[in-house]
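final_15.cif (mmCIF, C-alpha atoms)
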```cif
data_run
#
loop_
_atom_site.label_atom_id
_atom_site.label_comp_id
_atom_site.auth_asym_id
_atom_site.auth_seq_id
_atom_site.Cartn_x
_atom_site.Cartn_y
_atom_site.Cartn_z
CA MET U 1 -47.75 -82.35 -263.96
CA PHE U 2 -45.89 -85.27 -262.49
CA VAL U 3 -42.61 -83.41 -262.28
CA ARG U 4 -44.01 -80.52 -260.28
CA ASN U 5 -45.36 -82.78 -257.59
CA ARG U 6 -41.98 -84.52 -256.70
CA ARG U 7 -40.47 -81.51 -254.84
CA PRO U 8 -43.05 -81.31 -252.06
CA LEU U 9 -42.76 -85.03 -251.46
CA LEU U 10 -38.99 -84.81 -251.17
CA ALA U 11 -39.27 -81.93 -248.74
CA THR U 12 -41.69 -83.87 -246.60
CA ALA U 13 -39.36 -86.89 -246.44
CA VAL U 14 -36.47 -84.72 -245.32
CA LEU U 15 -38.53 -83.22 -242.53
CA VAL U 16 -39.54 -86.67 -241.27
CA VAL U 17 -35.94 -87.95 -241.16
CA GLY U 18 -34.75 -84.79 -239.37
CA ALA U 19 -37.41 -85.11 -236.73
CA GLY U 20 -36.36 -88.71 -236.02
CA LEU U 21 -32.73 -87.68 -235.52
CA ALA U 22 -33.75 -84.91 -233.13
CA LEU U 23 -35.74 -87.30 -231.00
CA THR U 24 -32.85 -89.72 -230.83
CA ALA U 25 -30.47 -86.99 -229.55
CA CYS U 26 -32.85 -86.06 -226.69
CA GLY U 27 -33.31 -89.62 -225.37
CA PRO U 28 -32.62 -90.60 -221.64
CA ASP U 29 -29.61 -92.73 -222.54
CA ASN U 30 -27.53 -89.61 -223.18
CA ALA U 31 -28.66 -87.53 -220.15
CA ASP U 32 -25.83 -85.73 -218.22
CA THR U 33 -25.53 -85.20 -214.42
CA ALA U 34 -25.55 -81.72 -212.83
CA GLY U 35 -21.73 -81.70 -212.93
CA GLY U 36 -21.65 -82.51 -216.59
CA SER U 37 -20.27 -86.06 -216.32
CA PRO U 38 -22.06 -89.38 -215.92
CA ALA U 39 -22.57 -90.54 -212.23
CA PRO U 40 -20.79 -93.79 -211.35
CA ALA U 41 -22.88 -96.70 -210.27
CA PRO U 42 -23.00 -97.05 -206.39
CA THR U 43 -20.97 -99.87 -204.88
CA SER U 44 -22.31 -101.81 -201.84
CA VAL U 45 -19.75 -102.88 -199.15
CA ALA U 46 -20.80 -105.13 -196.28
CA ALA U 47 -19.16 -103.82 -193.08
CA ALA U 48 -18.43 -106.21 -190.23
CA PRO U 49 -20.73 -105.45 -187.27
CA SER U 50 -19.11 -103.80 -184.27
CA THR U 51 -19.19 -105.58 -180.96
CA PRO U 52 -19.44 -103.91 -177.51
CA ALA U 53 -15.96 -105.13 -176.68
CA GLY U 54 -14.17 -103.23 -179.42
CA PRO U 55 -14.05 -102.05 -183.05
CA ALA U 56 -15.26 -104.06 -186.00
CA THR U 57 -13.14 -106.97 -187.13
CA GLY U 58 -10.28 -105.81 -189.29
CA ALA U 59 -10.26 -102.25 -187.87
CA PRO U 60 -6.82 -100.99 -186.74
CA ALA U 61 -6.16 -101.02 -182.96
CA ALA U 62 -6.37 -97.64 -181.26
CA SER U 63 -2.99 -96.15 -180.36
CA ALA U 64 -4.32 -93.86 -177.62
CA PRO U 65 -7.16 -93.98 -175.05
CA THR U 66 -10.49 -92.62 -176.24
CA ALA U 67 -10.99 -89.03 -175.14
CA GLY U 68 -12.64 -88.88 -171.76
CA ALA U 69 -11.83 -92.53 -170.85
CA SER U 70 -9.38 -93.45 -168.09
CA PRO U 71 -6.41 -95.53 -169.25
CA THR U 72 -6.06 -98.96 -167.67
CA ALA U 73 -3.53 -98.84 -164.79
CA THR U 74 -0.63 -101.25 -164.96
CA ARG U 75 -0.19 -103.23 -161.73
CA PRO U 76 3.43 -103.22 -160.52
CA ALA U 77 5.13 -106.57 -160.24
CA ALA U 78 4.79 -108.08 -156.80
CA LYS U 79 7.90 -107.78 -154.69
CA THR U 80 9.47 -110.95 -153.41
CA PRO U 81 9.06 -111.03 -149.62
CA PRO U 82 12.25 -111.15 -147.61
CA ALA U 83 13.44 -114.58 -146.67
CA ALA U 84 12.00 -115.81 -143.40
CA SER U 85 14.33 -116.19 -140.49
CA PRO U 86 15.32 -119.77 -139.80
CA SER U 87 13.29 -121.54 -137.15
CA GLY U 88 14.71 -120.84 -133.74
CA ALA U 89 16.79 -117.88 -134.92
CA ALA U 90 17.13 -115.29 -132.23
CA LYS U 91 15.91 -111.75 -132.45
CA PRO U 92 18.52 -109.05 -131.90
CA GLY U 93 19.56 -109.26 -128.29
CA GLY U 94 17.25 -112.21 -127.81
CA THR U 95 19.68 -114.95 -126.86
CA GLN U 96 21.61 -115.78 -123.74
CA PRO U 97 25.29 -116.77 -124.08
CA GLY U 98 25.77 -120.48 -123.75
CA SER U 99 22.08 -121.27 -124.25
CA GLY U 100 22.63 -122.83 -127.66
CA ASP U 101 21.52 -119.59 -129.35
CA VAL U 102 17.86 -120.51 -128.98
CA GLY U 103 15.50 -117.52 -129.26
CA THR U 104 13.91 -116.12 -126.12
CA ASP U 105 10.54 -116.09 -127.89
CA ALA U 106 10.13 -119.80 -127.03
CA ARG U 107 6.85 -120.65 -125.29
CA PRO U 108 6.82 -120.33 -121.49
CA CYS U 109 7.75 -123.43 -119.54
CA ASP U 110 5.03 -125.59 -118.03
CA ILE U 111 5.74 -126.47 -114.39
CA GLU U 112 4.61 -130.04 -115.16
CA ASN U 113 7.64 -130.44 -117.43
CA LEU U 114 10.18 -129.05 -114.95
CA THR U 115 12.22 -130.45 -112.10
CA VAL U 116 13.19 -127.79 -109.53
CA GLN U 117 15.99 -128.31 -107.02
CA ALA U 118 17.64 -125.97 -104.52
CA ALA U 119 20.60 -126.73 -102.22
CA PRO U 120 23.57 -125.02 -100.56
CA ARG U 121 26.45 -124.53 -102.97
CA ALA U 122 29.57 -126.49 -102.04
CA GLY U 123 32.39 -124.26 -100.81
CA SER U 124 30.14 -121.28 -100.06
CA PRO U 125 27.78 -121.81 -97.09
CA SER U 126 25.91 -118.53 -97.66
CA GLN U 127 25.02 -119.35 -101.29
CA TRP U 128 22.27 -121.57 -102.59
CA ALA U 129 22.06 -122.90 -106.13
CA ILE U 130 18.69 -123.32 -107.79
CA GLU U 131 18.48 -125.68 -110.78
CA VAL U 132 15.50 -125.87 -113.15
CA HIS U 133 15.62 -128.84 -115.54
CA ASN U 134 13.46 -129.06 -118.66
CA ASN U 135 12.00 -132.55 -119.00
CA GLY U 136 9.85 -131.58 -121.99
CA THR U 137 10.42 -132.38 -125.65
CA GLY U 138 11.00 -128.80 -126.82
CA THR U 139 12.60 -125.55 -125.78
CA CYS U 140 10.66 -123.40 -123.32
CA SER U 141 11.48 -120.11 -121.62
CA LEU U 142 11.63 -118.67 -118.11
CA SER U 143 11.66 -115.10 -116.84
CA SER U 144 15.19 -113.68 -116.50
CA THR U 145 15.16 -114.50 -112.78
CA PRO U 146 12.88 -116.68 -110.66
CA GLY U 147 10.57 -115.21 -108.06
CA VAL U 148 12.34 -115.92 -104.75
CA ASP U 149 11.65 -114.85 -101.19
CA LEU U 150 12.83 -115.94 -97.75
CA GLY U 151 10.51 -116.39 -94.79
CA ASN U 152 9.22 -118.48 -91.94
CA SER U 153 7.26 -121.55 -92.95
CA THR U 154 5.01 -121.30 -89.88
CA ALA U 155 4.06 -117.65 -90.28
CA ARG U 156 0.48 -117.01 -91.36
CA ASP U 157 1.47 -113.71 -92.99
CA GLN U 158 4.08 -114.11 -95.69
CA SER U 159 3.81 -110.53 -96.96
CA ASN U 160 6.92 -109.49 -95.03
CA ASN U 161 9.16 -112.14 -96.54
CA ILE U 162 12.59 -110.92 -97.63
CA LYS U 163 13.27 -110.55 -101.35
CA PRO U 164 16.83 -110.58 -102.72
CA ILE U 165 18.53 -107.73 -104.59
CA LEU U 166 18.66 -108.78 -108.25
CA ALA U 167 21.31 -108.62 -110.94
CA SER U 168 20.29 -106.70 -114.04
CA GLY U 169 18.49 -108.61 -116.77
CA THR U 170 15.12 -108.50 -118.46
CA LEU U 171 15.22 -111.06 -121.29
CA ARG U 172 13.41 -114.34 -120.93
CA PHE U 173 15.78 -117.27 -120.66
CA PRO U 174 15.36 -120.24 -123.06
CA VAL U 175 15.86 -123.74 -121.72
CA PRO U 176 16.32 -126.42 -124.42
CA ALA U 177 14.80 -129.86 -123.89
CA GLY U 178 16.95 -131.96 -121.56
CA ARG U 179 18.93 -128.91 -120.37
CA SER U 180 18.95 -126.89 -117.14
CA ALA U 181 18.92 -123.27 -116.08
CA TYR U 182 20.84 -122.20 -112.99
CA VAL U 183 20.57 -119.24 -110.64
CA VAL U 184 22.49 -118.55 -107.42
CA ILE U 185 21.25 -116.64 -104.39
CA ASP U 186 23.61 -115.38 -101.69
CA LEU U 187 21.75 -115.22 -98.39
CA ASP U 188 24.42 -113.22 -96.56
CA PRO U 189 26.91 -111.62 -98.99
CA SER U 190 28.67 -109.70 -96.19
CA GLY U 191 29.23 -112.85 -94.15
CA ALA U 192 27.83 -111.15 -91.04
CA THR U 193 26.98 -113.27 -88.00
CA THR U 194 25.13 -110.53 -86.16
CA GLY U 195 22.32 -108.27 -87.25
CA THR U 196 20.87 -110.97 -89.46
CA THR U 197 17.11 -111.53 -89.74
CA PRO U 198 15.91 -114.15 -87.23
CA GLY U 199 13.37 -116.87 -87.86
CA ILE U 200 14.11 -117.40 -91.58
CA ASN U 201 13.80 -121.11 -92.25
CA GLU U 202 12.50 -121.41 -95.79
CA ILE U 203 13.34 -120.37 -99.35
CA ASN U 204 10.38 -120.10 -101.73
CA VAL U 205 10.95 -120.39 -105.48
CA LEU U 206 8.56 -119.61 -108.34
CA VAL U 207 10.69 -120.48 -111.35
CA ASP U 208 8.88 -118.06 -113.73
CA ASP U 209 8.24 -114.70 -112.07
CA ASP U 210 5.64 -113.71 -114.68
CA ASP U 211 2.29 -114.51 -113.07
CA THR U 212 0.61 -114.58 -116.48
CA ASN U 213 2.67 -117.69 -117.27
CA MET U 214 2.91 -119.36 -113.87
CA PRO U 215 0.57 -118.82 -110.88
CA LEU U 216 1.76 -118.51 -107.28
CA ALA U 217 0.35 -121.97 -106.64
CA ASP U 218 3.37 -123.36 -108.55
CA THR U 219 5.79 -122.02 -105.91
CA ARG U 220 8.21 -124.61 -104.55
CA ASN U 221 9.39 -124.45 -100.92
CA PHE U 222 12.82 -125.56 -99.64
CA PRO U 223 13.71 -125.64 -95.94
CA LEU U 224 16.78 -123.81 -94.63
CA ALA U 225 18.93 -125.18 -91.85
CA ALA U 226 18.27 -123.77 -88.41
CA GLY U 227 20.43 -120.74 -87.65
CA THR U 228 20.94 -119.79 -91.31
CA HIS U 229 22.13 -116.16 -91.52
CA VAL U 230 20.12 -113.93 -93.81
CA LEU U 231 21.13 -110.30 -94.37
CA ASN U 232 20.67 -108.26 -97.56
CA PRO U 233 20.47 -111.31 -99.85
CA GLN U 234 21.41 -110.99 -103.52
CA MET U 235 20.55 -113.10 -106.58
CA GLY U 236 21.83 -113.37 -110.14
CA ILE U 237 19.93 -114.18 -113.33
CA TYR U 238 19.37 -117.54 -115.00
CA ARG U 239 22.50 -118.92 -116.65
CA PRO U 240 23.17 -122.14 -118.59
CA THR U 241 25.90 -123.35 -116.18
CA LEU U 242 26.43 -123.15 -112.45
CA ALA U 243 29.78 -121.38 -112.89
CA GLU U 244 28.13 -118.61 -114.92
CA ALA U 245 25.37 -118.32 -112.32
CA VAL U 246 28.02 -117.76 -109.61
CA THR U 247 29.55 -114.97 -111.71
CA SER U 248 26.12 -113.41 -112.21
CA VAL U 249 25.26 -113.20 -108.51
CA ALA U 250 28.51 -111.27 -107.91
CA SER U 251 27.13 -108.47 -110.12
CA ALA U 252 23.86 -108.12 -108.24
CA GLY U 253 23.26 -104.65 -106.86
CA LYS U 254 26.09 -103.12 -108.90
#
```

Entire entry expressed as structure tokens:
Amino acid sequence: MFVRNRRPLLATAVLVVGAGLALTACGPDNADTAGGSPAPAPTSVAAAPSTPAGPATGAPAASAPTAGASPTATRPAAKTPPAASPSGAAKPGGTQPGSGDVGTDARPCDIENLTVQAAPRAGSPSQWAIEVHNNGTGTCSLSSTPGVDLGNSTARDQSNNIKPILASGTLRFPVPAGRSAYVVIDLDPSGATTGTTPGINEINVLVDDDDTNMPLADTRNFPLAAGTHVLNPQMGIYRPTLAEAVTSVASAGK
């Protein structure tokens, strides 16, 4: 009786062991992913925060502008300005020979700094020499010729005074400090003794003929000798020497 009962017990033990193995094979530790291989564990990387001024620290610099953004313009290097002209350098055509090459853009002369003289020129009774001396401390300028007219000192109306024919010239004339400007007027170039204008006894000189620089009130008056002959007078332009002024008056009206 004992021997017949051992087989069922052995069969039961085998079934229990088999069930345990089946449960172990179906446990969660051996579960596969949908792709058939185990999923790797996720790795956390802390990224540096981006700033408004640019990419996150450590990011490579962009090699081209972002689409839609305007590239920063490169300012051209500033050009070196041309060297300034030396002080007192003359502009083209702006000097008078013999004047020390001082530019004609010098400030206008102030009558308070000038001495004006007029007298007959020795050796030529019909010519008068006018000298304007600069007593100031710097160079100043005069119009190319003075304003000169000839009239009668007692006449109430000076509008009919005689004006000389002028030599050509338009540039202002510079007069350095301590120097003089000269101009010569020929009262009777033809040397006529008849047909001359009677009653002329005065020569009036405004050394700068530009009324924006020197008003008529600065006119200087010089008496002429009685019987002075005046007919078609002529006048040169300001020159740095009396000899050059004589040469200039010879060109008047030509």

Discussion item. Considering all atoms listed in the file, can you say which of U:Gly169, U:Pro125, U:Gly136, U:Pro174 comes closest to U:Leu224?
Written reply: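 Closest candidate: U:Pro125.
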
Discussion item. Going by the chain IDs and residue numbers used in this file, which residues fall under the PyMOL selection byres ((chain U and resi 239) around 7)? Write them as JSON, numbers by chain.
Written reply: {"U": [181, 182, 183, 237, 238, 240, 241, 244, 245]}

Worksheet item: Can you tell me how far atom CA of U:Gln127 sits from atom CA of U:Asn232, in Å to one decimal?
Response: 12.5 Å

Worksheet entry | Neighbours of point (17.3, -125.9, -107.8) within 10 Å, using all atoms listed in the file, written as a PyMOL selection string | chain U and resi 115-120+128-133+180-184+205+207+220+222

Item to complete: Given the file shown, determine the residues that the PyMOL selection byres ((chain U and resi 202) around 8) selects; report them as a ChimeraX atom specification.
Response: /U:150-153,200-201,203-204,221-224

Worksheet item: In Å, how far is it from atom CA of U:Ala106 to atom CA of U:Thr145?
Response: 16.0 Å

Worksheet item: So how many Å separate atom CA of U:Thr197 and atom CA of U:Gly147, to one decimal?
Response: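 Straight-line distance from atom CA of U:Thr197 to atom CA of U:Gly147 works out to 19.8 Å.
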
Worksheet item: Which one is closest to U:Leu166: U:Asn213, U:Ser126, U:Asn113, U:Ser251? Count only C-alpha atoms.
Response: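 The shortest atom-to-atom distance to U:Leu166 comes from U:Ser251.
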
Worksheet item: When distances are computed from only C-alpha atoms, which of U:Val148, U:Leu171, U:Ile111, U:Cys140 shows the smallest separation from U:Leu206?
Response: U:Val148

Item to complete: Please provide as number ranges by chain all residues within 12 Å of U:Thr212, with the sequence filter that same-chain residues fewer than 3 positions apart are discarded (counting only C-alpha atoms).
Response: U: 108-110, 142-143, 208-209, 215-216

Using C-alpha atoms, can you write the selected residues to a file as a tab-separated table (two decimals), keeping the file's coordinate frame?
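result20.tsv was written with the following content:
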```tsv
chain	number	residue	atom	x	y	z
U	108	PRO	CA	6.82	-120.33	-121.49
U	109	CYS	CA	7.75	-123.43	-119.54
U	110	ASP	CA	5.03	-125.59	-118.03
U	142	LEU	CA	11.63	-118.67	-118.11
U	143	SER	CA	11.66	-115.10	-116.84
U	208	ASP	CA	8.88	-118.06	-113.73
U	209	ASP	CA	8.24	-114.70	-112.07
U	215	PRO	CA	0.57	-118.82	-110.88
U	216	LEU	CA	1.76	-118.51	-107.28
```

Worksheet item: Which one of U:Val230, U:Ala225, U:Ala122, U:Ala167 sits closest to U:Thr194 if you count only C-alpha atoms?
Response: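 The shortest atom-to-atom distance to U:Thr194 comes from U:Val230.
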
Discussion item. Here is a test: counting all atoms listed in the file, which residue of U:Ser144, U:Thr247, U:Thr137, U:Thr228 is nearest to U:Ala192?
Written reply: U:Thr228
